[in-house]
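Note sheet for the following structure.
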Amino acid sequence: MTEPTTEPTTEPTTEPTTEPTTEPTTEPTTEPGKLPDDLAALLRTPCQCHVATLDPDGSPQLTQTWADTDGEHILINTVRGFRKLRNIERDPRVAVTIVDRERPNRYYGVKGHVIATTTDGAADGIEELARKYLGGPYPWPGGRDQVRVAVTIEVERVIHTPQW
């Protein structure tokens, strides 16, 4: 006669975890519609900027881009028909990192949404960004027949600020 066997069971433990449960350095923006002063100052330099949008299937799409600020918003410039623009026209939520080119470990991470897109002044805007980033005129690699689009991003939350 064989003895019944018992399979070991896995009971959930109630022991405390040793891993932290908080995000690193989560700070809401100080005032709605106002960027932290240090972030606005960084955006006025030729910083590195990456914008994450959502593809139709919900997967992230990431683009490096030039950026600036009007003191309240993050401003970027793109081309009509580009994936980034198609994505934000469908779903305006974005995540953005702004990196200090001189100190890459100094960066801001923000969550926000696009509040405006316009072709008005967008060609002049890319020329201004080129002077800031390249020191001269925009080379128009896709040709001057491209329709430029200025994009305005409202920051909802700063999710990472520089630590050092």
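We label chains A, B, ... in the order they appear in the structure tokens, count residues from 1 in each chain, and number ligands from 1 in the order shown.
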
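Omitting segment 111-119 of chain A and its sequence neighbours fewer than 2 positions away, and counting only C-alpha atoms, the residues within 9 Å are Arg80, Leu85, Ile88, Glu89, Asp91, Pro92, Arg93, Val94, Ala95, Val96, Thr97, Gly109, Gly121, Ala122, Ala123, Val147, Arg148, Val149, Ala150, Val151, Thr152, Ile153, Glu154, Val155, Glu156, Arg157, Val158 and Ile159 of chain A.
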
What's around Ala40 of chain A at 10 Å? Count only C-alpha atoms, leave out sequence neighbours fewer than 2 positions away in its own chain, and write the answer as a ChimeraX atom specification. /A:34-38,42-45,68-74

Can I get the selection written as a CSV table (one decimal), in the first residue's frame, with C-alpha atoms?
chain,number,residue,atom,x,y,z
A,34,LYS,CA,5.0,76.7,-14.4
A,35,LEU,CA,8.2,74.8,-15.0
A,36,PRO,CA,10.7,74.6,-12.2
A,37,ASP,CA,13.2,77.4,-12.7
A,38,ASP,CA,16.2,75.0,-13.2
A,42,LEU,CA,18.1,73.9,-19.0
A,43,LEU,CA,15.6,74.0,-21.8
A,44,ARG,CA,17.0,77.3,-22.9
A,45,THR,CA,20.4,75.6,-23.5
A,68,ASP,CA,12.9,75.0,-25.9
A,69,THR,CA,10.5,76.7,-23.5
A,70,ASP,CA,8.2,79.6,-23.3
A,71,GLY,CA,8.7,79.6,-19.6
A,72,GLU,CA,5.6,77.6,-18.9
A,73,HIS,CA,5.7,74.7,-21.5
A,74,ILE,CA,8.1,72.4,-23.3

Find the distance between atom CA of Cys47 of chain A and atom CA of Arg131 of chain A and write it in Å to one decimal.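 Result for atom CA of Cys47 of chain A versus atom CA of Arg131 of chain A: 13.2 Å, one decimal.
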
Point-to-point distance from atom CA of Gln146 of chain A to atom CA of Thr78 of chain A, Å rounded to tenths: 9.7 Å

Selected residue of minimal separation from Leu75 of chain A among A:Leu62, A:Asp120, A:Leu129, A:Tyr107, counting only C-alpha atoms: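 Nearest candidate to Leu75 of chain A out of A:Leu62, A:Asp120, A:Leu129, A:Tyr107: A:Leu129.
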
Residues of segment 31-133 of chain A in strand (DSSP E or B) according to DSSP, as a ChimeraX atom specification? /A:31,34,48-54,60-65,68-69,74-79,93-99,107-118

Expected answer as a list in words: helix (DSSP H, G or I) residues in segment 64-110 of chain A: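 Listing helix (DSSP H, G or I) positions across segment 64-110 of chain A yields Arg83, Lys84, Leu85, Arg86, Asn87, Ile88, Glu89 and Arg90 of chain A.
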
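The spacing separating atom CA of Pro162 of chain A from atom CA of Lys132 of chain A amounts to 22.9 Å.
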
Pick out the residues sitting within 10 Å of Pro60 of chain A, and hand them over as a PDB file with C-alpha atoms, in the first residue's frame; count only C-alpha atoms, and ignore anything fewer than 2 positions along from it in its own chain.
ATOM      1  CA  VAL A  51       9.960  62.438 -26.197  1.00  0.00           C
ATOM      2  CA  ALA A  52       7.996  59.230 -25.653  1.00  0.00           C
ATOM      3  CA  THR A  53       4.612  58.869 -27.327  1.00  0.00           C
ATOM      4  CA  LEU A  54       2.266  55.917 -27.655  1.00  0.00           C
ATOM      5  CA  ASP A  55       1.901  53.932 -30.872  1.00  0.00           C
ATOM      6  CA  PRO A  56      -1.611  52.755 -31.853  1.00  0.00           C
ATOM      7  CA  ASP A  57      -0.952  49.357 -30.226  1.00  0.00           C
ATOM      8  CA  GLY A  58      -0.021  51.072 -26.937  1.00  0.00           C
ATOM      9  CA  LEU A  62      10.807  57.315 -28.442  1.00  0.00           C
ATOM     10  CA  ASN A  87       0.781  59.558 -32.145  1.00  0.00           C
ATOM     11  CA  VAL A  94       3.860  62.158 -23.452  1.00  0.00           C
ATOM     12  CA  ALA A  95       6.869  61.537 -21.266  1.00  0.00           C
TER      13      ALA A  95
END
